[in-house]
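Structure file start14.cif with mmCIF, C-alpha atoms and all ligand atoms:
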data_protein
#
loop_
_atom_site.label_atom_id
_atom_site.label_comp_id
_atom_site.auth_asym_id
_atom_site.auth_seq_id
_atom_site.Cartn_x
_atom_site.Cartn_y
_atom_site.Cartn_z
CA MET G 179 21.78 21.17 -23.53
CA LYS G 180 24.54 18.72 -22.59
CA HIS G 181 22.89 15.59 -24.05
CA GLN G 182 20.69 14.96 -27.09
CA PRO G 183 17.29 13.19 -26.93
CA ILE G 184 17.27 9.61 -28.20
CA GLU G 185 14.77 8.20 -30.71
CA GLY G 186 13.57 4.60 -30.37
CA PHE G 187 15.17 3.83 -26.99
CA SER G 188 12.46 1.25 -26.25
CA LYS G 189 13.35 -0.66 -29.43
CA LEU G 190 17.02 -1.12 -28.52
CA SER G 191 18.11 -4.43 -27.02
CA LYS G 192 18.81 -4.48 -23.27
CA GLN G 193 22.58 -4.38 -23.85
CA LYS G 194 22.28 -1.55 -26.39
CA LYS G 195 20.18 0.46 -23.95
CA ILE G 196 22.88 0.02 -21.30
CA ASP G 197 25.67 0.90 -23.77
CA TRP G 198 23.86 4.09 -24.73
CA LEU G 199 23.22 5.07 -21.09
CA VAL G 200 26.74 4.36 -19.95
CA SER G 201 28.38 6.14 -22.85
CA THR G 202 26.00 9.12 -22.70
CA TYR G 203 25.71 9.70 -18.95
CA LEU G 204 28.50 7.72 -17.29
CA GLU G 205 31.58 8.48 -19.41
CA GLY G 206 31.63 4.91 -20.71
CA ASN G 207 32.70 3.63 -17.31
CA GLN G 208 32.54 -0.19 -17.43
CA GLN G 209 31.93 -0.35 -13.69
CA TYR G 210 28.35 0.86 -14.22
CA THR G 211 27.67 -1.78 -16.88
CA ASP G 212 28.98 -4.36 -14.43
CA ILE G 213 26.61 -3.20 -11.68
CA LEU G 214 23.60 -3.61 -13.95
CA GLN G 215 24.69 -7.00 -15.27
CA GLN G 216 25.48 -8.27 -11.80
CA TYR G 217 21.79 -8.07 -10.99
CA TRP G 218 20.66 -10.05 -14.04
CA ASN G 219 19.39 -13.46 -13.11
CA ASP G 220 21.32 -16.46 -14.49
CA ASN G 221 18.02 -18.15 -15.17
CA ALA G 222 17.17 -16.63 -18.56
CA ASP G 223 13.45 -17.41 -18.28
CA LEU G 224 13.17 -15.79 -14.87
CA GLN G 225 15.10 -12.78 -16.11
CA LYS G 226 12.79 -12.42 -19.11
CA LEU G 227 9.73 -12.72 -16.89
CA HIS G 228 10.93 -9.83 -14.74
CA GLU G 229 11.90 -7.73 -17.72
CA GLU G 230 8.43 -8.10 -19.15
CA PHE G 231 6.68 -6.86 -16.00
CA SER G 232 7.67 -3.35 -17.05
CA GLU G 233 9.20 -1.45 -19.95
CA ASN G 234 12.74 -0.40 -20.89
CA THR G 235 14.05 -2.82 -18.28
CA ILE G 236 17.83 -2.95 -17.97
CA SER G 237 18.30 -4.79 -14.68
CA ASN G 238 16.51 -5.99 -11.53
CA PHE G 239 16.15 -3.95 -8.37
CA TYR G 240 16.30 -6.27 -5.38
CA MET G 241 14.47 -5.73 -2.10
CA PRO G 242 14.99 -7.83 1.00
CA TYR G 243 12.21 -10.39 1.39
CA GLY G 244 11.78 -11.30 5.06
CA ILE G 245 9.42 -13.20 7.31
CA ALA G 246 7.73 -12.10 10.53
CA PRO G 247 6.63 -15.31 12.28
CA ASN G 248 4.28 -16.02 15.20
CA PHE G 249 1.32 -13.88 14.14
CA LEU G 250 -1.80 -15.25 15.78
CA ILE G 251 -4.62 -13.89 13.58
CA ASP G 252 -8.22 -14.89 14.29
CA GLY G 253 -6.95 -18.07 15.95
CA GLU G 254 -4.57 -19.08 13.11
CA LEU G 255 -0.79 -18.84 13.37
CA LYS G 256 0.72 -17.11 10.35
CA ALA G 257 4.24 -16.31 9.18
CA ILE G 258 3.93 -13.02 7.30
CA PRO G 259 6.10 -12.28 4.23
CA MET G 260 7.41 -8.71 4.04
CA ALA G 261 9.30 -7.02 1.20
CA VAL G 262 10.91 -3.93 2.69
CA GLU G 263 14.29 -2.22 2.59
CA GLU G 264 14.08 -0.37 5.91
CA SER G 265 15.95 -2.05 8.74
CA SER G 266 13.93 -2.84 11.88
CA VAL G 267 10.51 -3.13 10.21
CA VAL G 268 10.48 -6.96 10.11
CA ALA G 269 12.07 -7.14 13.57
CA ALA G 270 9.43 -4.76 14.95
CA ALA G 271 6.61 -6.82 13.40
CA SER G 272 8.04 -10.03 14.88
CA LYS G 273 8.37 -8.42 18.30
CA SER G 274 4.72 -7.29 18.27
CA ALA G 275 3.57 -10.70 17.06
CA LYS G 276 5.35 -12.31 20.00
CA PHE G 277 3.98 -9.77 22.47
CA TRP G 278 0.36 -10.52 21.50
CA LEU G 279 0.81 -14.29 21.03
CA ASP G 280 -0.14 -15.19 24.61
CA LYS G 281 -2.80 -12.46 24.84
CA GLY G 282 -5.26 -13.84 22.28
CA GLY G 283 -3.42 -12.49 19.26
CA PHE G 284 -4.95 -10.20 16.62
CA ARG G 285 -8.63 -10.18 15.69
CA THR G 286 -9.95 -8.84 12.42
CA THR G 287 -13.30 -7.94 10.87
CA VAL G 288 -13.84 -7.07 7.23
CA ILE G 289 -16.46 -4.36 7.63
CA ASN G 290 -17.30 -4.10 3.90
CA GLU G 291 -15.69 -4.69 0.51
CA LYS G 292 -17.22 -2.24 -1.93
CA LYS G 293 -15.10 -0.59 -4.63
CA LEU G 294 -16.00 2.54 -6.54
CA GLY G 295 -15.54 4.11 -9.94
CA HIS G 296 -16.90 7.06 -11.88
CA THR G 297 -17.76 8.28 -15.32
CA HIS G 298 -17.08 12.00 -15.07
CA PHE G 299 -19.06 14.09 -17.55
CA THR G 300 -20.46 17.54 -18.23
CA PHE G 301 -24.03 18.35 -19.15
CA ASN G 302 -25.57 21.77 -19.60
CA GLY G 303 -29.30 21.25 -19.28
CA GLU G 304 -32.08 20.49 -16.86
CA SER G 305 -30.76 18.47 -13.97
CA VAL G 306 -34.20 17.08 -13.08
CA LYS G 307 -34.67 15.81 -16.64
CA LEU G 308 -31.28 14.12 -16.59
CA GLN G 309 -32.07 12.45 -13.25
CA SER G 310 -35.41 11.17 -14.52
CA PHE G 311 -33.78 9.87 -17.71
CA PHE G 312 -31.14 8.12 -15.57
CA ASN G 313 -33.77 6.51 -13.29
CA HIS G 314 -36.13 5.34 -16.04
CA ILE G 315 -33.85 4.46 -18.93
CA LEU G 316 -30.11 4.88 -18.54
CA LYS G 317 -29.45 2.94 -15.35
CA GLN G 318 -30.86 -0.31 -16.77
CA ARG G 319 -29.02 0.25 -20.09
CA LEU G 320 -25.74 0.62 -18.19
CA PHE G 321 -26.32 -2.78 -16.57
CA ASP G 322 -27.41 -4.31 -19.91
CA ASP G 323 -24.50 -2.98 -21.97
CA THR G 324 -21.93 -4.30 -19.49
CA GLU G 325 -23.42 -7.80 -19.23
CA ASP G 326 -20.66 -9.36 -21.31
CA ILE G 327 -17.96 -7.66 -19.24
CA THR G 328 -19.55 -8.61 -15.91
CA LYS G 329 -20.55 -12.20 -16.81
CA ASN G 330 -17.51 -13.95 -15.29
CA MET G 331 -17.45 -11.73 -12.23
CA ARG G 332 -21.17 -12.36 -11.65
CA SER G 333 -20.59 -16.10 -11.87
CA ARG G 334 -18.04 -15.67 -9.02
CA GLY G 335 -20.60 -13.77 -6.93
CA GLY G 336 -19.36 -10.27 -7.73
CA GLY G 337 -20.21 -7.61 -10.27
CA ILE G 338 -21.79 -4.16 -10.31
CA LEU G 339 -23.61 -3.50 -7.04
CA ASP G 340 -25.26 -0.19 -7.82
CA ILE G 341 -25.12 2.75 -10.18
CA GLU G 342 -26.19 6.30 -9.35
CA LEU G 343 -26.17 9.70 -10.94
CA VAL G 344 -24.45 12.39 -8.87
CA ASP G 345 -25.04 16.08 -9.49
CA LYS G 346 -21.78 17.94 -8.78
CA THR G 347 -22.82 21.23 -10.38
CA ALA G 348 -22.70 23.04 -7.02
CA GLN G 349 -18.93 22.39 -6.93
CA MET G 350 -18.12 22.69 -10.65
CA GLN G 351 -20.18 24.05 -13.51
CA ASP G 352 -22.06 21.36 -15.52
CA TYR G 353 -20.22 18.54 -13.73
CA TYR G 354 -21.99 15.20 -13.14
CA GLN G 355 -20.88 11.69 -12.33
CA ILE G 356 -22.15 8.22 -12.90
CA LYS G 357 -20.96 6.64 -9.69
CA ALA G 358 -20.85 2.86 -9.57
CA SER G 359 -20.01 0.43 -6.79
CA PHE G 360 -18.54 -3.00 -7.44
CA ASN G 361 -17.72 -6.24 -5.71
CA THR G 362 -14.65 -7.68 -7.40
CA LYS G 363 -14.34 -10.79 -5.19
CA ASP G 364 -10.74 -12.07 -5.10
CA SER G 365 -9.33 -9.65 -7.67
CA MET G 366 -8.30 -6.07 -7.00
CA GLY G 367 -10.56 -5.41 -9.98
CA ALA G 368 -8.96 -2.37 -11.58
CA ASN G 369 -9.25 -3.70 -15.15
CA PHE G 370 -12.75 -5.00 -14.55
CA ILE G 371 -13.96 -1.70 -13.08
CA ASN G 372 -12.31 0.43 -15.74
CA SER G 373 -13.76 -1.72 -18.54
CA CYS G 374 -17.27 -1.32 -17.08
CA LEU G 375 -16.78 2.42 -16.70
CA GLU G 376 -15.54 2.89 -20.26
CA GLN G 377 -18.68 1.13 -21.45
CA PHE G 378 -20.76 3.43 -19.21
CA GLY G 379 -19.20 6.43 -20.95
CA LYS G 380 -20.16 5.06 -24.38
CA THR G 381 -23.67 4.04 -23.31
CA LEU G 382 -24.32 7.41 -21.69
CA LYS G 383 -23.38 9.28 -24.85
CA LYS G 384 -25.33 6.90 -27.11
CA GLU G 385 -28.53 6.84 -25.03
CA VAL G 386 -28.69 10.61 -24.60
CA GLU G 387 -28.12 10.97 -28.35
CA LEU G 388 -31.00 8.54 -29.12
CA SER G 389 -33.42 10.03 -26.59
CA ASP G 390 -36.19 12.43 -27.56
CA LYS G 391 -36.19 13.90 -24.03
CA PHE G 392 -33.29 16.25 -24.68
CA THR G 393 -32.88 19.27 -26.98
CA GLN G 394 -30.04 19.14 -29.51
CA GLU G 395 -28.23 21.75 -27.43
CA GLU G 396 -28.43 19.57 -24.35
CA LYS G 397 -27.22 16.55 -26.31
CA ASP G 398 -24.25 18.51 -27.65
CA SER G 399 -23.38 19.73 -24.16
CA LEU G 400 -22.94 16.19 -22.86
CA ARG G 401 -19.22 15.47 -22.91
CA VAL G 402 -17.67 12.42 -21.29
CA ILE G 403 -14.46 13.64 -19.63
CA MET G 404 -13.10 10.34 -18.28
CA ASN G 405 -13.99 6.93 -16.90
CA ILE G 406 -11.84 5.64 -14.05
CA LEU G 407 -11.96 3.68 -10.82
CA SER G 408 -11.33 5.49 -7.56
CA ASN G 409 -8.45 4.32 -5.39
CA PHE G 410 -10.31 5.82 -2.44
CA THR G 411 -12.31 2.88 -1.07
CA PRO G 412 -13.90 4.08 2.19
CA ASP G 413 -16.40 1.21 1.90
CA CYS G 414 -13.73 -1.46 1.60
CA ILE G 415 -12.59 -1.52 5.21
CA VAL G 416 -10.96 -4.00 7.52
CA ARG G 417 -10.53 -3.58 11.26
CA ALA G 418 -7.61 -5.22 13.07
CA GLU G 419 -7.47 -5.07 16.84
CA VAL G 420 -5.75 -6.31 19.97
CA SER G 421 -6.83 -6.11 23.59
CA CYS G 422 -5.76 -7.32 27.00
CA LYS G 423 -5.98 -6.44 30.67
CA ILE G 424 -3.89 -3.37 31.40
CA GLU G 425 -2.06 -5.33 34.11
CA ASP G 426 -0.83 -7.76 31.39
CA LEU G 427 1.02 -5.01 29.51
CA ILE G 428 4.43 -6.13 30.74
CA ASP G 429 7.23 -4.44 28.83
CA ASP G 430 10.89 -5.47 29.09
CA SER G 431 11.90 -1.83 29.73
CA GLY G 432 10.43 -2.26 33.23
CA ILE G 433 7.77 0.45 32.84
CA ALA G 434 4.68 -0.16 35.03
CA PRO G 435 1.71 -1.50 32.99
CA GLU G 436 -0.62 1.41 33.99
CA GLU G 437 2.05 3.96 33.03
CA PHE G 438 2.64 2.15 29.74
CA ALA G 439 -1.09 2.09 28.90
CA TRP G 440 -1.50 5.75 29.78
CA LYS G 441 1.54 6.91 27.77
CA PHE G 442 0.58 4.69 24.83
CA LYS G 443 -2.95 6.11 24.72
CA GLN G 444 -1.57 9.65 25.01
CA ALA G 445 0.69 8.91 22.02
CA VAL G 446 -2.30 7.74 19.95
CA ASN G 447 -4.36 10.76 21.04
CA ILE G 448 -1.54 13.08 19.98
CA ALA G 449 -1.59 11.49 16.49
CA GLU G 450 -5.38 11.91 16.44
CA ILE G 451 -5.20 15.68 16.94
CA GLU G 452 -1.78 16.67 15.54
CA PRO G 453 -1.23 16.19 11.78
CA TYR G 454 2.58 16.52 12.09
CA ARG G 455 2.62 13.50 14.37
CA ALA G 456 -0.21 11.72 12.50
CA THR G 457 1.87 11.71 9.31
CA THR G 458 4.79 9.92 10.97
CA HIS G 459 2.48 7.70 13.00
CA ASN G 460 0.63 6.60 9.83
CA LYS G 461 3.94 6.24 7.95
CA GLY G 462 4.89 3.66 10.56
CA ILE G 463 1.61 1.81 9.97
CA MET G 464 2.31 1.84 6.23
CA ASN G 465 5.77 0.31 6.90
CA GLY G 466 3.88 -2.84 7.82
CA VAL G 467 1.09 -2.49 5.28
CA ASP G 468 3.23 -1.81 2.20
CA ALA G 469 5.73 -4.58 2.97
CA VAL G 470 2.96 -7.20 2.79
CA VAL G 471 1.23 -5.47 -0.11
CA ILE G 472 4.46 -5.66 -2.12
CA ALA G 473 5.26 -9.23 -1.06
CA THR G 474 1.81 -10.32 -2.26
CA GLY G 475 2.10 -8.55 -5.62
CA ASN G 476 -0.36 -5.77 -4.86
CA ASP G 477 -0.26 -2.06 -5.64
CA PHE G 478 1.31 -0.12 -2.76
CA ARG G 479 0.76 3.26 -4.44
CA ALA G 480 -3.00 2.62 -4.42
CA THR G 481 -2.82 1.47 -0.80
CA GLU G 482 -0.89 4.56 0.26
CA ALA G 483 -3.15 7.00 -1.60
CA CYS G 484 -6.25 5.39 -0.13
CA ALA G 485 -5.00 5.26 3.45
CA HIS G 486 -4.00 8.92 3.50
CA THR G 487 -7.24 10.11 1.90
CA TYR G 488 -9.13 8.09 4.51
CA ALA G 489 -7.00 9.62 7.25
CA SER G 490 -8.21 13.07 6.15
CA LYS G 491 -11.80 12.21 5.27
CA ASP G 492 -13.24 14.40 8.05
CA GLY G 493 -11.35 17.48 6.90
CA ARG G 494 -8.22 17.09 9.05
CA TYR G 495 -5.43 14.54 8.71
CA THR G 496 -5.56 12.17 11.67
CA SER G 497 -4.37 8.82 13.03
CA LEU G 498 -5.52 5.58 11.41
CA THR G 499 -5.25 3.75 14.74
CA HIS G 500 -7.14 4.33 17.97
CA CYS G 501 -6.79 3.24 21.58
CA SER G 502 -8.99 2.95 24.64
CA THR G 503 -8.17 2.03 28.25
CA ASP G 504 -11.64 1.66 29.81
CA ASN G 505 -12.52 -0.68 32.70
CA GLY G 506 -8.98 -1.97 33.05
CA ILE G 507 -8.86 -3.15 29.42
CA PHE G 508 -6.31 -1.90 26.90
CA ARG G 509 -7.75 -1.90 23.34
CA PHE G 510 -5.86 -0.83 20.25
CA TRP G 511 -7.25 -0.97 16.72
CA LEU G 512 -6.76 0.07 13.11
CA ASP G 513 -9.47 0.72 10.53
CA LEU G 514 -7.79 0.36 7.17
CA PRO G 515 -9.44 0.95 3.80
CA ILE G 516 -7.61 -1.30 1.37
CA SER G 517 -8.30 -2.90 -1.98
CA VAL G 518 -6.13 -5.93 -2.80
CA GLY G 519 -6.34 -9.01 -4.96
CA VAL G 520 -5.14 -12.59 -4.81
CA VAL G 521 -5.88 -13.41 -8.45
CA GLY G 522 -4.84 -11.54 -11.57
CA GLY G 523 -2.02 -9.00 -11.83
CA LEU G 524 1.35 -10.31 -10.63
CA THR G 525 -0.23 -13.00 -8.45
CA ASN G 526 0.06 -15.81 -10.99
CA LEU G 527 3.30 -14.58 -12.50
CA HIS G 528 5.85 -13.48 -9.93
CA PRO G 529 7.37 -16.58 -8.27
CA LEU G 530 7.88 -14.85 -4.91
CA VAL G 531 4.32 -13.56 -4.94
CA LYS G 532 3.14 -17.13 -5.53
CA PHE G 533 5.30 -18.18 -2.59
CA SER G 534 3.88 -15.44 -0.35
CA LEU G 535 0.29 -16.40 -1.10
CA ALA G 536 1.02 -20.10 -0.62
CA LEU G 537 2.77 -19.34 2.70
CA LEU G 538 -0.31 -17.42 3.84
CA GLY G 539 -2.48 -20.43 3.01
CA LYS G 540 -3.82 -19.09 -0.31
CA PRO G 541 -5.99 -16.42 1.36
CA SER G 542 -9.08 -14.88 -0.18
CA ALA G 543 -8.86 -11.14 -0.89
CA THR G 544 -10.71 -10.38 2.35
CA GLU G 545 -8.38 -12.65 4.34
CA LEU G 546 -5.43 -10.85 2.79
CA MET G 547 -6.99 -7.50 3.78
CA SER G 548 -7.01 -8.80 7.37
CA ILE G 549 -3.40 -9.97 7.30
CA ILE G 550 -2.23 -6.64 5.88
CA ALA G 551 -4.17 -4.66 8.48
CA VAL G 552 -2.66 -6.80 11.24
CA SER G 553 0.80 -6.08 9.88
CA GLY G 554 0.04 -2.33 9.98
CA LEU G 555 -1.33 -2.48 13.52
CA ALA G 556 1.61 -4.58 14.73
CA GLN G 557 4.04 -2.10 13.26
CA ASN G 558 2.32 0.85 14.91
CA PHE G 559 2.22 -1.03 18.25
CA ALA G 560 5.95 -1.68 18.02
CA ALA G 561 6.76 1.93 17.14
CA LEU G 562 4.63 3.42 19.92
CA ARG G 563 5.90 0.85 22.41
CA SER G 564 9.47 1.93 21.71
CA LEU G 565 8.64 5.61 21.54
CA VAL G 566 6.96 5.71 24.98
CA THR G 567 9.60 3.54 26.66
CA THR G 568 13.20 3.31 25.43
CA GLY G 569 12.93 5.70 22.48
CA ILE G 570 13.08 4.59 18.87
CA GLN G 571 16.83 4.82 18.31
CA LYS G 572 17.83 1.93 20.56
CA GLY G 573 16.12 -0.74 18.45
CA HIS G 574 16.40 1.12 15.18
CA MET G 575 20.15 1.68 15.36
CA LYS G 576 20.72 -1.91 16.48
CA MET G 577 19.11 -3.07 13.24
CA HIS G 578 20.86 -0.34 11.27
CA LEU G 579 24.28 -1.38 12.63
CA PHE G 580 24.91 -3.81 9.79
CA ASN G 581 24.16 -1.12 7.20
CA ILE G 582 26.80 1.13 8.78
CA LEU G 583 29.33 -1.72 9.04
CA ASN G 584 28.71 -2.76 5.43
CA GLN G 585 29.46 0.80 4.32
CA PHE G 586 32.92 0.36 5.84
CA GLY G 587 33.40 -3.13 4.39
CA ALA G 588 33.44 -4.76 7.83
CA THR G 589 34.43 -8.43 8.00
CA GLU G 590 32.29 -11.08 9.71
CA ALA G 591 34.65 -11.04 12.71
CA GLU G 592 34.36 -7.25 12.98
CA LYS G 593 30.56 -7.51 12.79
CA GLN G 594 30.53 -10.03 15.62
CA HIS G 595 32.72 -7.70 17.69
CA PHE G 596 30.17 -4.90 17.21
CA VAL G 597 27.19 -7.07 18.11
CA ASN G 598 28.88 -7.77 21.47
CA TYR G 599 30.12 -4.21 21.85
CA PHE G 600 26.62 -2.71 21.52
CA LYS G 601 24.82 -5.40 23.47
CA ASP G 602 23.86 -3.00 26.28
CA LYS G 603 24.35 0.33 24.52
CA THR G 604 22.49 2.41 21.94
CA VAL G 605 24.26 2.26 18.59
CA SER G 606 25.41 5.60 17.20
CA HIS G 607 27.07 6.28 13.87
CA HIS G 608 30.04 8.13 15.37
CA GLU G 609 30.67 5.46 17.98
CA VAL G 610 30.75 2.73 15.31
CA ILE G 611 33.35 4.70 13.36
CA ALA G 612 35.48 5.44 16.44
CA GLU G 613 35.41 1.81 17.60
CA LEU G 614 36.10 0.50 14.08
CA GLU G 615 39.16 2.77 13.84
CA LYS G 616 40.40 1.51 17.21
CA LEU G 617 39.82 -2.09 16.19
CA ARG G 618 41.61 -1.72 12.88
CA ASN G 619 44.57 0.15 14.39
CA LYS G 620 45.17 -2.58 16.96
C1 LIG G 701 10.01 4.83 10.96
O1 LIG G 701 10.05 4.26 9.69
C2 LIG G 701 8.59 4.83 11.50
C3 LIG G 701 8.38 5.53 12.83
O2 LIG G 701 8.87 6.89 12.78
C4 LIG G 701 6.92 5.51 13.10
C5 LIG G 701 6.48 6.33 14.30
O3 LIG G 701 7.15 7.32 14.66
O4 LIG G 701 5.39 6.01 14.83
C6 LIG G 701 9.15 4.85 13.94
#

Taking this structure as input, can you express it in the form of structure tokens?
Ligand code: MEV
Amino acid sequence: MKHQPIEGFSKLSKQKKIDWLVSTYLEGNQQYTDILQQYWNDNADLQKLHEEFSENTISNFYMPYGIAPNFLIDGELKAIPMAVEESSVVAAASKSAKFWLDKGGFRTTVINEKKLGHTHFTFNGESVKLQSFFNHILKQRLFDDTEDITKNMRSRGGGILDIELVDKTAQMQDYYQIKASFNTKDSMGANFINSCLEQFGKTLKKEVELSDKFTQEEKDSLRVIMNILSNFTPDCIVRAEVSCKIEDLIDDSGIAPEEFAWKFKQAVNIAEIEPYRATTHNKGIMNGVDAVVIATGNDFRATEACAHTYASKDGRYTSLTHCSTDNGIFRFWLDLPISVGVVGGLTNLHPLVKFSLALLGKPSATELMSIIAVSGLAQNFAALRSLVTTGIQKGHMKMHLFNILNQFGATEAEKQHFVNYFKDKTVSHHEVIAELEKLRNK
């Protein structure tokens, strides 16, 4: 082994952590210390705030924070904040927003907002007896024992919606669940749900122990395995949609509206039946979704996991968006399961998250669900629009041009030259290099 493990890394100061890393892995090269320190914020309080979001923090990792304006959503004009590192995502969102601005904009419907969690346990005994015990005794006790935990949430109109016992023994020996549904109002609710579930686990064990309905063997067989929320929220769904007359689908590539509608619908249908395409298609949707999820301080890993499970809920991975072209009307929509919060978590702490929520007019959690779904739909519209007309590289490489030029340390004057140079041409990596060489050898 080249390096030795370190004891107590978390207890070292930030500078000592860096010193150890640089001397152990980076041959003591000062340049690496400089990189890390360069990203420290001069404002000591702000720096400390960021350090305390996580553990073993040694620097900050910046992401571009951009704005996609002109989104008409349910009759309100919004400027959407997006934190994303991929070039062309914000530009694509803005382009879609503009396209739909004079066509009624985006409409959304929150279909439901139920979140789920489970106490997973094993029990080797009579299933019917367990079900009867659950119906007559346990269910009420689970509500009673969580009253303190749910008090605040209930006063805000949320709380535990229902609790059921699920027999999973056909899939796994002795396996049962207490499955609960929750309304967590404006919070994402992970801590609330997990606290309720951990109490369920304790109450379950205690009540079975106290009951005279079970044999000692049955009582001993009851083992709580774990209590945890599910990030799969198929009953927390928002629909975002756009529609217009097919004849109004005027694209600047010059494609005829009927041809555009037909190709666009074909592209969606391909993603509906072909998982290879569906993965990329949905990735494009998540470009828009995650950028807003991050900018508003929500959990993009949960959002991703949920969306992809939902996309495969019928046994085959498929598109999250759909399209119809009936009776001369083009309709395009996204059903997105998503659980987000506008209180708790980072929302009151991270200054840019506060800014994002203020910019969006301090939305409720359901309003934020709508905005995020619109961002996903807009992104997918932009991608498919390019794919069925000019191809994706034209717009993508135009936005990527500055990344290539920055790699070669281009000056502002050189950048301006390239903007003009590629005005009517598709940017390619090799052409940038060739032209840059020519320019610099002049
Ligand atoms: C790139 O990040 C996303 C796209 O590939 C999505 C798509 O193909 O639909 C452009």

* To do: Pick out the closest residue to Lys357 (chain G) from this set: G:Gly303, G:Pro541, G:Gly379, G:Gly493. Count only C-alpha atoms.
  => G:Gly379

Please write out the residues within 8 Å of ligand LIG 701 (chain G) as a short mmCIF file (atom, residue, chain, number, x, y, z; two decimals) with C-alpha atoms, in the frame of the given file, counting all atoms listed in the file.
data_model
loop_
_atom_site.label_atom_id
_atom_site.label_comp_id
_atom_site.auth_asym_id
_atom_site.auth_seq_id
_atom_site.Cartn_x
_atom_site.Cartn_y
_atom_site.Cartn_z
CA GLU G 264 14.08 -0.37 5.91
CA VAL G 267 10.51 -3.13 10.21
CA ARG G 455 2.62 13.50 14.37
CA THR G 458 4.79 9.92 10.97
CA HIS G 459 2.48 7.70 13.00
CA ASN G 460 0.63 6.60 9.83
CA LYS G 461 3.94 6.24 7.95
CA GLY G 462 4.89 3.66 10.56
CA ILE G 463 1.61 1.81 9.97
CA ASN G 465 5.77 0.31 6.90
CA ASN G 558 2.32 0.85 14.91
CA ALA G 561 6.76 1.93 17.14
CA LEU G 562 4.63 3.42 19.92
CA LEU G 565 8.64 5.61 21.54
CA ILE G 570 13.08 4.59 18.87
#

List as a Markdown table every residue of region 244-353 of chain G that is in contact with region 399-413 of chain G, defined as an atom at most 7 Å from one of its atoms (using only C-alpha atoms), together with the nearest atom pair and the distance in Å rounded to one decimal, sorted by chain and then rising number.
| residue | atom | partner | partner_atom | distance |
| --- | --- | --- | --- | --- |
| G:Asn290 | CA | G:Asp413 | CA | 5.7 |
| G:Glu291 | CA | G:Asp413 | CA | 6.1 |
| G:Lys292 | CA | G:Asp413 | CA | 5.2 |
| G:Lys293 | CA | G:Thr411 | CA | 5.7 |
| G:Leu294 | CA | G:Ser408 | CA | 5.6 |
| G:Gly295 | CA | G:Leu407 | CA | 3.7 |
| G:His296 | CA | G:Ile406 | CA | 5.7 |
| G:Thr297 | CA | G:Asn405 | CA | 4.3 |
| G:His298 | CA | G:Met404 | CA | 5.4 |
| G:Phe299 | CA | G:Val402 | CA | 4.3 |
| G:Thr300 | CA | G:Arg401 | CA | 5.3 |
| G:Phe301 | CA | G:Leu400 | CA | 4.4 |
| G:Asn302 | CA | G:Ser399 | CA | 5.5 |

For the selection just defined, write its residues with C-alpha atoms to a file, as a compact mmCIF listing (two decimals), in the frame of the given file.
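Saved result, part.txt, follows:
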# COMPACT_ATOMS: atom_id res chain seq x y z
CA ASN G 290 -17.30 -4.10 3.90
CA GLU G 291 -15.69 -4.69 0.51
CA LYS G 292 -17.22 -2.24 -1.93
CA LYS G 293 -15.10 -0.59 -4.63
CA LEU G 294 -16.00 2.54 -6.54
CA GLY G 295 -15.54 4.11 -9.94
CA HIS G 296 -16.90 7.06 -11.88
CA THR G 297 -17.76 8.28 -15.32
CA HIS G 298 -17.08 12.00 -15.07
CA PHE G 299 -19.06 14.09 -17.55
CA THR G 300 -20.46 17.54 -18.23
CA PHE G 301 -24.03 18.35 -19.15
CA ASN G 302 -25.57 21.77 -19.60

Could you list, as a CSV table (one decimal) with C-alpha atoms, keeping the file's coordinate frame, every residue within 9 Å of Val610 (chain G), counting all atoms listed in the file and ignoring same-chain residues fewer than 2 positions away?
chain,number,residue,atom,x,y,z
G,579,LEU,CA,24.3,-1.4,12.6
G,582,ILE,CA,26.8,1.1,8.8
G,583,LEU,CA,29.3,-1.7,9.0
G,596,PHE,CA,30.2,-4.9,17.2
G,605,VAL,CA,24.3,2.3,18.6
G,606,SER,CA,25.4,5.6,17.2
G,607,HIS,CA,27.1,6.3,13.9
G,608,HIS,CA,30.0,8.1,15.4
G,612,ALA,CA,35.5,5.4,16.4
G,613,GLU,CA,35.4,1.8,17.6
G,614,LEU,CA,36.1,0.5,14.1
G,615,GLU,CA,39.2,2.8,13.8

* To do: Using all atoms listed in the file, pick whichever of G:Ser188, G:Thr393, G:Ser365, G:Thr474 has the shortest atom-to-atom distance to Leu537 (chain G).
  => G:Thr474

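For region 218-226 of chain G, the set of protein, DNA and RNA residues having any atom at most 10 Å away, when counting all atoms listed in the file and skipping those fewer than 4 positions along the same chain, is Ile213, Leu214, Glu230, Phe231, Thr235, Ile236, Ser237, Asn238, Phe239, His528 and Pro529 of chain G.
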
Kindly assemble as JSON lines a list of the region 398-506 of chain G residues that lie within 12 Å of region 244-248 of chain G, each paired with its nearest atom pair and their distance in Å to one decimal, using only C-alpha atoms, sorted first by chain and then by ascending residue number.
{"residue": "G:Gly466", "atom": "CA", "partner": "G:Ala246", "partner_atom": "CA", "distance": 10.4}
{"residue": "G:Ala469", "atom": "CA", "partner": "G:Gly244", "partner_atom": "CA", "distance": 9.3}
{"residue": "G:Val470", "atom": "CA", "partner": "G:Ile245", "partner_atom": "CA", "distance": 9.9}
{"residue": "G:Ile472", "atom": "CA", "partner": "G:Gly244", "partner_atom": "CA", "distance": 11.7}
{"residue": "G:Ala473", "atom": "CA", "partner": "G:Gly244", "partner_atom": "CA", "distance": 9.2}

Selection from above, C-alpha atoms, as a short mmCIF file (atom, residue, chain, number, x, y, z; two decimals), in the frame of the given file, can you write it?
data_model
loop_
_atom_site.label_atom_id
_atom_site.label_comp_id
_atom_site.auth_asym_id
_atom_site.auth_seq_id
_atom_site.Cartn_x
_atom_site.Cartn_y
_atom_site.Cartn_z
CA GLY G 466 3.88 -2.84 7.82
CA ALA G 469 5.73 -4.58 2.97
CA VAL G 470 2.96 -7.20 2.79
CA ILE G 472 4.46 -5.66 -2.12
CA ALA G 473 5.26 -9.23 -1.06
#
